[in-house]
Every structure is written in C-alpha cells, then in structure tokens.
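Below is the file model10.txt, which contains compact mmCIF, C-alpha atoms.
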```txt
# COMPACT_ATOMS: atom_id res chain seq x y z
CA MET A 290 -17.90 8.20 42.28
CA GLN A 291 -19.79 5.10 43.39
CA ALA A 292 -22.95 6.47 41.79
CA ILE A 293 -21.10 7.01 38.48
CA LEU A 294 -19.68 3.48 38.50
CA THR A 295 -23.10 2.05 39.34
CA SER A 296 -24.70 4.00 36.49
CA LEU A 297 -22.04 2.81 34.02
CA ASP A 298 -22.47 -0.79 35.13
CA ARG A 299 -26.23 -0.51 34.67
CA ARG A 300 -25.75 0.95 31.18
CA TRP A 301 -23.40 -1.88 30.23
CA ARG A 302 -25.78 -4.59 31.42
CA ARG A 303 -28.77 -2.96 29.73
CA ASN A 304 -27.09 -2.62 26.33
CA LYS A 305 -26.83 -6.01 24.66
CA ASN A 306 -25.85 -4.77 21.20
CA GLY A 307 -22.66 -6.12 19.73
CA PHE A 308 -20.93 -5.78 16.39
CA ALA A 309 -20.86 -8.22 13.52
CA PRO A 310 -18.25 -10.81 14.53
CA SER A 311 -16.83 -11.23 11.02
CA HIS A 312 -15.87 -7.58 10.59
CA TRP A 313 -12.91 -7.41 12.92
CA LYS A 314 -11.53 -10.79 11.88
CA ILE A 315 -11.44 -9.88 8.20
CA CYS A 316 -10.05 -6.41 8.82
CA LEU A 317 -7.40 -7.67 11.25
CA PHE A 318 -6.30 -10.32 8.76
CA LEU A 319 -6.00 -7.72 5.98
CA THR A 320 -4.16 -5.30 8.27
CA ALA A 321 -1.56 -7.89 9.27
CA ASN A 322 -0.95 -8.79 5.63
CA VAL A 323 -0.57 -5.16 4.53
CA VAL A 324 2.03 -4.58 7.26
CA LEU A 325 3.92 -7.73 6.25
CA LEU A 326 3.86 -6.85 2.55
CA ALA A 327 5.10 -3.34 3.30
CA ALA A 328 7.98 -4.79 5.32
CA LEU A 329 8.95 -7.21 2.55
CA LEU A 330 8.50 -4.90 -0.44
CA PHE A 331 9.21 -1.35 0.71
CA ASP A 332 11.35 -1.30 3.85
CA TRP A 333 14.56 -2.44 2.19
CA PRO A 334 14.56 0.11 -0.70
CA VAL A 335 13.52 2.91 1.66
CA GLY A 336 16.31 2.05 4.10
CA ALA A 337 18.88 1.77 1.32
CA ASN A 338 17.98 5.23 0.01
CA ILE A 339 17.38 6.98 3.32
CA LYS A 340 20.36 9.30 2.79
CA ASN A 341 19.19 10.21 -0.71
CA ILE A 342 15.84 11.74 0.26
CA ALA A 343 15.46 15.01 -1.64
CA PRO A 344 15.87 18.07 0.61
CA PRO A 345 12.44 19.53 -0.36
CA ILE A 346 10.75 16.26 0.65
CA HIS A 347 12.66 16.17 3.94
CA PHE A 348 11.76 19.82 4.60
CA PHE A 349 8.08 19.17 3.87
CA GLY A 350 8.10 16.20 6.21
CA LYS A 351 9.72 18.22 8.99
CA LEU A 352 7.02 20.87 8.72
CA LEU A 353 4.19 18.42 9.34
CA THR A 354 5.60 15.52 11.31
CA ASN A 355 5.22 17.07 14.76
CA PHE A 356 1.46 16.97 14.35
CA GLY A 357 1.77 13.38 15.50
CA GLU A 358 2.98 14.44 18.95
CA SER A 359 0.32 13.21 21.35
CA GLY A 360 0.82 15.89 24.00
CA TRP A 361 -1.21 18.66 22.40
CA ILE A 362 -4.09 16.31 21.54
CA ILE A 363 -4.18 14.96 25.10
CA LEU A 364 -4.26 18.50 26.51
CA LEU A 365 -7.02 19.55 24.12
CA SER A 366 -9.03 16.42 24.91
CA ALA A 367 -8.63 16.95 28.65
CA PHE A 368 -9.76 20.56 28.22
CA LEU A 369 -12.90 19.45 26.35
CA PHE A 370 -13.60 16.80 28.97
CA PHE A 371 -13.36 19.07 32.01
CA GLU A 372 -15.01 22.07 30.34
CA GLY A 373 -17.89 19.88 29.21
CA TRP A 374 -18.20 18.31 32.63
CA ALA A 375 -18.24 21.72 34.33
CA GLY A 376 -20.82 23.02 31.85
CA SER A 377 -23.08 20.02 32.43
CA ARG A 378 -23.10 20.90 36.12
CA LEU A 379 -23.26 24.69 35.96
CA LEU A 380 -25.41 25.60 32.96
CA GLN A 381 -29.03 26.39 33.69
CA SER A 382 -30.79 25.29 30.50
CA PRO A 383 -31.37 21.57 29.89
CA ARG A 384 -30.25 21.96 26.27
CA GLY A 385 -27.04 23.63 27.34
CA ARG A 386 -26.32 20.90 29.86
CA CYS A 387 -26.92 18.20 27.25
CA GLN A 388 -24.59 19.89 24.77
CA ALA A 389 -21.93 20.30 27.45
CA LEU A 390 -22.27 16.64 28.38
CA ARG A 391 -21.69 15.59 24.78
CA ILE A 392 -18.56 17.76 24.65
CA CYS A 393 -17.42 16.06 27.84
CA GLN A 394 -17.97 12.65 26.26
CA ILE A 395 -16.10 13.62 23.09
CA GLY A 396 -13.18 14.83 25.18
CA GLY A 397 -13.23 11.62 27.19
CA TYR A 398 -13.32 9.47 24.06
CA LEU A 399 -10.38 11.30 22.46
CA LEU A 400 -8.43 11.35 25.71
CA THR A 401 -8.73 7.65 26.44
CA THR A 402 -8.13 6.70 22.81
CA ILE A 403 -4.99 8.79 22.29
CA ALA A 404 -3.45 8.19 25.72
CA LEU A 405 -4.03 4.44 25.91
CA SER A 406 -3.04 3.72 22.30
CA GLY A 407 0.13 5.75 22.86
CA ILE A 408 1.01 3.74 25.95
CA ILE A 409 0.51 0.47 24.06
CA ALA A 410 2.63 1.69 21.12
CA ASN A 411 5.47 2.72 23.43
CA LEU A 412 5.41 -0.61 25.26
CA LEU A 413 5.46 -2.51 21.97
CA LYS A 414 8.27 -0.53 20.39
CA ARG A 415 10.47 -1.02 23.46
CA ALA A 416 9.73 -4.74 23.59
CA ILE A 417 10.28 -5.27 19.84
CA GLY A 418 13.39 -3.09 19.62
CA ARG A 419 13.52 -2.61 15.85
CA ALA A 420 16.44 -0.52 14.62
CA ARG A 421 15.48 2.72 12.89
CA PRO A 422 16.41 3.43 9.25
CA THR A 423 19.40 5.47 10.45
CA HIS A 424 20.99 2.13 11.43
CA PHE A 425 20.23 0.51 8.08
CA ALA A 426 23.90 0.12 7.10
CA ASP A 427 24.65 -1.90 10.25
CA TRP A 428 21.37 -3.63 11.05
CA GLY A 429 19.35 -3.64 7.84
CA PRO A 430 15.55 -3.35 7.87
CA PHE A 431 15.12 -6.43 10.07
CA GLY A 432 17.54 -5.68 12.90
CA PHE A 433 16.11 -6.08 16.39
CA SER A 434 17.43 -5.42 19.87
CA PRO A 435 14.51 -5.92 22.29
CA PHE A 436 14.48 -3.76 25.43
CA ASN A 437 17.58 -1.92 24.22
CA GLY A 438 16.40 1.21 26.00
CA HIS A 439 17.61 3.57 23.25
CA ALA A 440 15.24 5.52 21.02
CA SER A 441 17.14 4.43 17.91
CA PHE A 442 15.85 0.90 18.56
CA GLU A 443 12.20 1.85 18.95
CA SER A 444 11.06 1.99 15.33
CA PHE A 445 8.14 -0.49 15.24
CA PRO A 446 5.38 0.61 15.48
CA SER A 447 5.63 4.35 14.91
CA GLY A 448 4.32 6.26 17.92
CA HIS A 449 3.53 9.34 15.85
CA ALA A 450 1.60 7.24 13.32
CA THR A 451 -0.28 5.55 16.17
CA THR A 452 -1.41 8.94 17.49
CA ILE A 453 -2.34 10.12 14.00
CA GLY A 454 -4.29 6.93 13.29
CA ALA A 455 -6.11 7.05 16.62
CA PHE A 456 -6.97 10.74 16.27
CA PHE A 457 -8.25 10.74 12.72
CA VAL A 458 -10.12 7.44 12.96
CA ALA A 459 -11.79 8.78 16.12
CA LEU A 460 -12.78 11.89 14.16
CA ALA A 461 -14.06 9.68 11.33
CA PHE A 462 -16.32 7.84 13.77
CA LEU A 463 -17.52 11.10 15.29
CA PHE A 464 -18.03 12.84 11.93
CA PRO A 465 -18.51 10.02 9.38
CA ARG A 466 -19.52 12.47 6.67
CA TYR A 467 -15.87 13.61 6.46
CA ARG A 468 -14.20 10.23 6.91
CA TYR A 469 -12.43 10.33 3.53
CA ILE A 470 -10.91 13.70 4.33
CA PHE A 471 -9.71 12.40 7.69
CA ALA A 472 -8.26 9.28 6.04
CA THR A 473 -6.34 11.41 3.55
CA CYS A 474 -4.95 13.63 6.31
CA ALA A 475 -3.88 10.59 8.32
CA LEU A 476 -2.02 9.06 5.38
CA TRP A 477 -0.17 12.26 4.52
CA LEU A 478 0.81 13.09 8.07
CA ALA A 479 1.91 9.55 8.90
CA THR A 480 4.01 9.34 5.74
CA THR A 481 6.09 12.29 6.94
CA ARG A 482 7.76 9.85 9.37
CA VAL A 483 9.21 8.10 6.32
CA MET A 484 10.04 11.39 4.60
CA ILE A 485 12.32 12.45 7.45
CA GLY A 486 13.93 9.02 7.77
CA ALA A 487 12.57 8.24 11.23
CA HIS A 488 10.65 5.08 10.28
CA TYR A 489 10.21 2.39 7.69
CA PRO A 490 6.91 2.19 5.79
CA SER A 491 5.81 -0.89 7.74
CA ASP A 492 6.38 1.00 11.02
CA VAL A 493 4.02 3.72 9.85
CA ILE A 494 1.36 1.35 8.54
CA ALA A 495 1.48 -0.65 11.77
CA GLY A 496 1.16 2.53 13.82
CA LEU A 497 -1.79 3.78 11.80
CA ALA A 498 -3.47 0.40 12.13
CA LEU A 499 -2.84 0.21 15.88
CA GLY A 500 -4.26 3.68 16.49
CA GLY A 501 -7.20 3.12 14.18
CA TRP A 502 -8.08 -0.22 15.72
CA PHE A 503 -7.90 1.26 19.19
CA SER A 504 -10.29 4.06 18.21
CA PHE A 505 -12.65 1.44 16.84
CA MET A 506 -12.53 -0.66 20.00
CA MET A 507 -13.06 2.37 22.24
CA ALA A 508 -16.06 3.39 20.13
CA ILE A 509 -17.49 -0.10 20.70
CA VAL A 510 -16.94 0.25 24.45
CA TYR A 511 -18.58 3.69 24.51
CA SER A 512 -21.54 2.34 22.55
CA ARG A 513 -22.04 -0.42 25.12
CA TYR A 514 -22.28 2.25 27.81
CA GLY A 515 -24.70 4.28 25.67
CA LEU A 516 -22.19 7.12 25.32
CA LEU A 517 -21.67 8.98 22.02
CA PHE A 518 -22.13 5.92 19.80
CA ARG A 519 -24.58 3.19 18.91
CA ILE A 520 -24.09 0.06 16.81
CA ASP A 521 -25.79 0.26 13.43
CA ALA A 522 -27.38 -2.57 11.45
CA THR A 523 -24.06 -3.49 9.82
CA GLY A 524 -22.31 -3.81 13.17
CA TRP A 525 -20.24 -0.60 13.15
CA PRO A 526 -20.29 2.24 15.70
CA VAL A 527 -21.99 5.44 14.53
CA PRO A 528 -22.86 8.64 16.44
CA ARG A 529 -25.99 8.31 18.55
CA LEU A 530 -26.96 11.82 17.47
CA PRO A 531 -25.53 13.98 14.66
CA LEU A 532 -22.69 16.18 15.92
CA LEU A 533 -23.06 18.71 13.12
CA LYS A 534 -26.15 20.53 11.90
CA GLY A 535 -27.46 19.34 8.60
CA LYS A 536 -26.68 15.67 9.31
```

Before we go any further, please render this structure as structure tokens.
Amino acid sequence: MQAILTSLDRRWRRNKNGFAPSHWKICLFLTANVVLLAALLFDWPVGANIKNIAPPIHFFGKLLTNFGESGWIILLSAFLFFEGWAGSRLLQSPRGRCQALRICQIGGYLLTTIALSGIIANLLKRAIGRARPTHFADWGPFGFSPFNGHASFESFPSGHATTIGAFFVALAFLFPRYRYIFATCALWLATTRVMIGAHYPSDVIAGLALGGWFSFMMAIVYSRYGLLFRIDATGWPVPRLPLLKGK
C-alpha cells in the first residue's frame, strides 16, 4: 500500500498540467442560473399540476426512473475495478495486463464518481430539507424543513438525477465520440423524476449538474495522476488513449 501511495504522489508531483481557469467559472455561473430560472419558472406550475400528470406519462416514467438507483452502478464499477486489478496481476501477456489495468482504472473512476457524488447529494438534500411536490398544497415549491429526517423533505437535489448525471458525464469523458447520445439519455432518464411526481424540475437540473460537475472534477484528478485522462489544449480532460477501436 505504501508503494502505491508513493507512486501516486510521484505522479501528482510530476504532472503539472492544469485546466483553463475560466472554464469552470463560466460553466458554474451558467449552471447556477439555469437552476434558479427552473425554480422560478417551472417548479410552481409543475407542483400545481402534479396530480394531473397523464397516466401514460406516469407509467413511462415509472419504467425508466429506477435506472438512477446508484446501487447497480456501484456494484458494476466495483466488479470492473477488482476484475481489472486481478487481471493486471495474473495475465501473462503485457498487452493483456495493460488492458486489464485500464479496465481497473475505468471501474475505479466510475466507482469513486458515483459513490462520492451520491454521498454529497444525500448530505445536501438532508441539510436543505426541501419538501417534495407531493407536499405542494401545504408547503408550495419553496417549503423547507432542514434536517427533517423524512424522505418527503429531501427533494433538492435529486439523488437519482445526481447518479444519472455523474454516470453519463463520466461515460461522455471516457467515450467523447458518443457524448451527445449520453447527454440525451441523461436528460430523458432524469426527467422521469418529474414525470412520476418525485421532484421539481430544479431538483433534477441541480442533481444532473452536481453529478456532471463531480465527474468532471474526478477526471481532472485522474489526469493529474496520469490515469485514464490527460488535459488537452483547451483545458478539458480527454482519454489518454482511445477506449474504442477506430478512434
């Protein structure tokens, strides 16, 4: 373990690359404003009509919304991490060991991103204590009861949307060629939380942003250690090597 920590420390000190300082400031400013606008423009009409959601829309949302459960992604990521780690130790060919090591790193990146962003989202939603749309009649869209301890007062940010944002943004960084497909999937799946009346639009947007930002920050950290990513000329993390043939 000491050897691993020493190697990581050496990688960090050796890699001096950073990312363009203006990027995150501009994006964070835009993100905060989009969340605020969603809260002011969309949360009230959505809450007022929560009981009038058409049954087909509610049914469609129910079919897809559980994709945002973090448990299965964490298990899959842990499987990739440990299988890759074992392969990097047991395989005989250098090429096989390198491929296994990359799988291990992908699993580690997904695992840390999903697990840590989920923990942050759960801490925030408990501390903020926003009432869910089911309490709209009594609390409205801006009712808060911090540290209430009840799930019905844990609406902001959406935990499912955080997981979805973290997962698909991580995939977009790993496979940038398909980033628009991943973005579309993230939007549709996160919106199901509104379709079933579990969250306001601003909850979902905030969750997507939180998960996406965390994936971005973890990609930066991995790039500093020389793992999976490097920082390109524009200051964004990109794969060090193509993960798919033909790239």

Test item: residues at most 10 Å from Asn355 (chain A), all atoms listed in the file, excluding those fewer than 4 positions along its chain, as JSON, numbers by chain: {"A": [350, 351, 359, 449, 478, 481, 482]}

Polymer residues at most 8 Å from (-17.8, 2.5, 20.0) by all atoms listed in the file, as JSON, numbers by chain: {"A": [504, 505, 506, 507, 508, 509, 510, 511, 512, 513, 517, 518, 519, 520, 525, 526, 527]}

Atom-to-atom span, CA of Tyr514 (chain A) and CA of Gly376 (chain A), Å: 21.2 Å

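Considering only C-alpha atoms, the residue among A:Asp492, A:Glu358, A:Asp427, A:Glu372 positioned nearest to Leu325 (chain A) is A:Asp492.
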
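Atom pair CA of Leu380 (chain A) / CA of Ala459 (chain A) has a distance of 27.4 Å (rounded to one decimal).
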
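CA of Ala450 (chain A) lies 19.8 Å from CA of Ile342 (chain A).
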
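All residues of protein, DNA or RNA that reach within 9 Å of Gly438 (chain A), judged by only C-alpha atoms and not counting those fewer than 3 positions away in the chain, are Arg415, Gly418, Pro435, Ser441, Phe442 and Glu443 of chain A.
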
Please produce a file of the residues just selected, as a compact mmCIF listing (two decimals), in the frame of the given file, where the atoms kept are C-alpha atoms.
```txt
# COMPACT_ATOMS: atom_id res chain seq x y z
CA ARG A 415 10.47 -1.02 23.46
CA GLY A 418 13.39 -3.09 19.62
CA PRO A 435 14.51 -5.92 22.29
CA SER A 441 17.14 4.43 17.91
CA PHE A 442 15.85 0.90 18.56
CA GLU A 443 12.20 1.85 18.95
```

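Using all atoms listed in the file, the nearest neighbour of Arg421 (chain A) within the list A:Ser377, A:Val483, A:Ala522, A:Phe371 is A:Val483.
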
Option closest in space to Pro528 (chain A), from A:Ala461, A:Leu326, A:Cys387, A:Ala475 [counting only C-alpha atoms]: A:Ala461

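Neighbours of Pro422 (chain A) closer than or equal to 8 Å, with all atoms listed in the file counted and sequence neighbours fewer than 6 positions away skipped, come out as Gly336, Ile339, Gly429, Pro430, Gly486, Ala487, His488 and Tyr489 of chain A.
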
Which residues are near Gly396 (chain A)? Cut-off 6 Å, only C-alpha atoms, ignore same chain within fewer than 6 positions. Put them as an mmCIF file with C-alpha atoms, in the frame of the given file.
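In the end it all went to around19.cif:
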```
data_model
loop_
_atom_site.group_PDB
_atom_site.id
_atom_site.type_symbol
_atom_site.label_atom_id
_atom_site.label_comp_id
_atom_site.auth_asym_id
_atom_site.auth_seq_id
_atom_site.Cartn_x
_atom_site.Cartn_y
_atom_site.Cartn_z
ATOM 1 C CA SER A 366 -9.030 16.420 24.910
ATOM 2 C CA LEU A 369 -12.900 19.450 26.350
ATOM 3 C CA PHE A 370 -13.600 16.800 28.970
#
```

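With distances taken over all atoms listed in the file, A:Phe457 is the one residue among A:Phe471, A:Trp374, A:Phe457, A:Phe331 lying closest to Leu399 (chain A).
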
With 3 Å of padding per side, what axis-aligned box (centre and edge lengths, Å, one decimal) covers all the listed atoms of region 463-480 of chain A? Give it as lines of an AutoDock Vina configuration file.
```
center_x = -7.8
center_y = 11.4
center_z = 9.4
size_x = 29.5
size_y = 10.6
size_z = 17.8
```
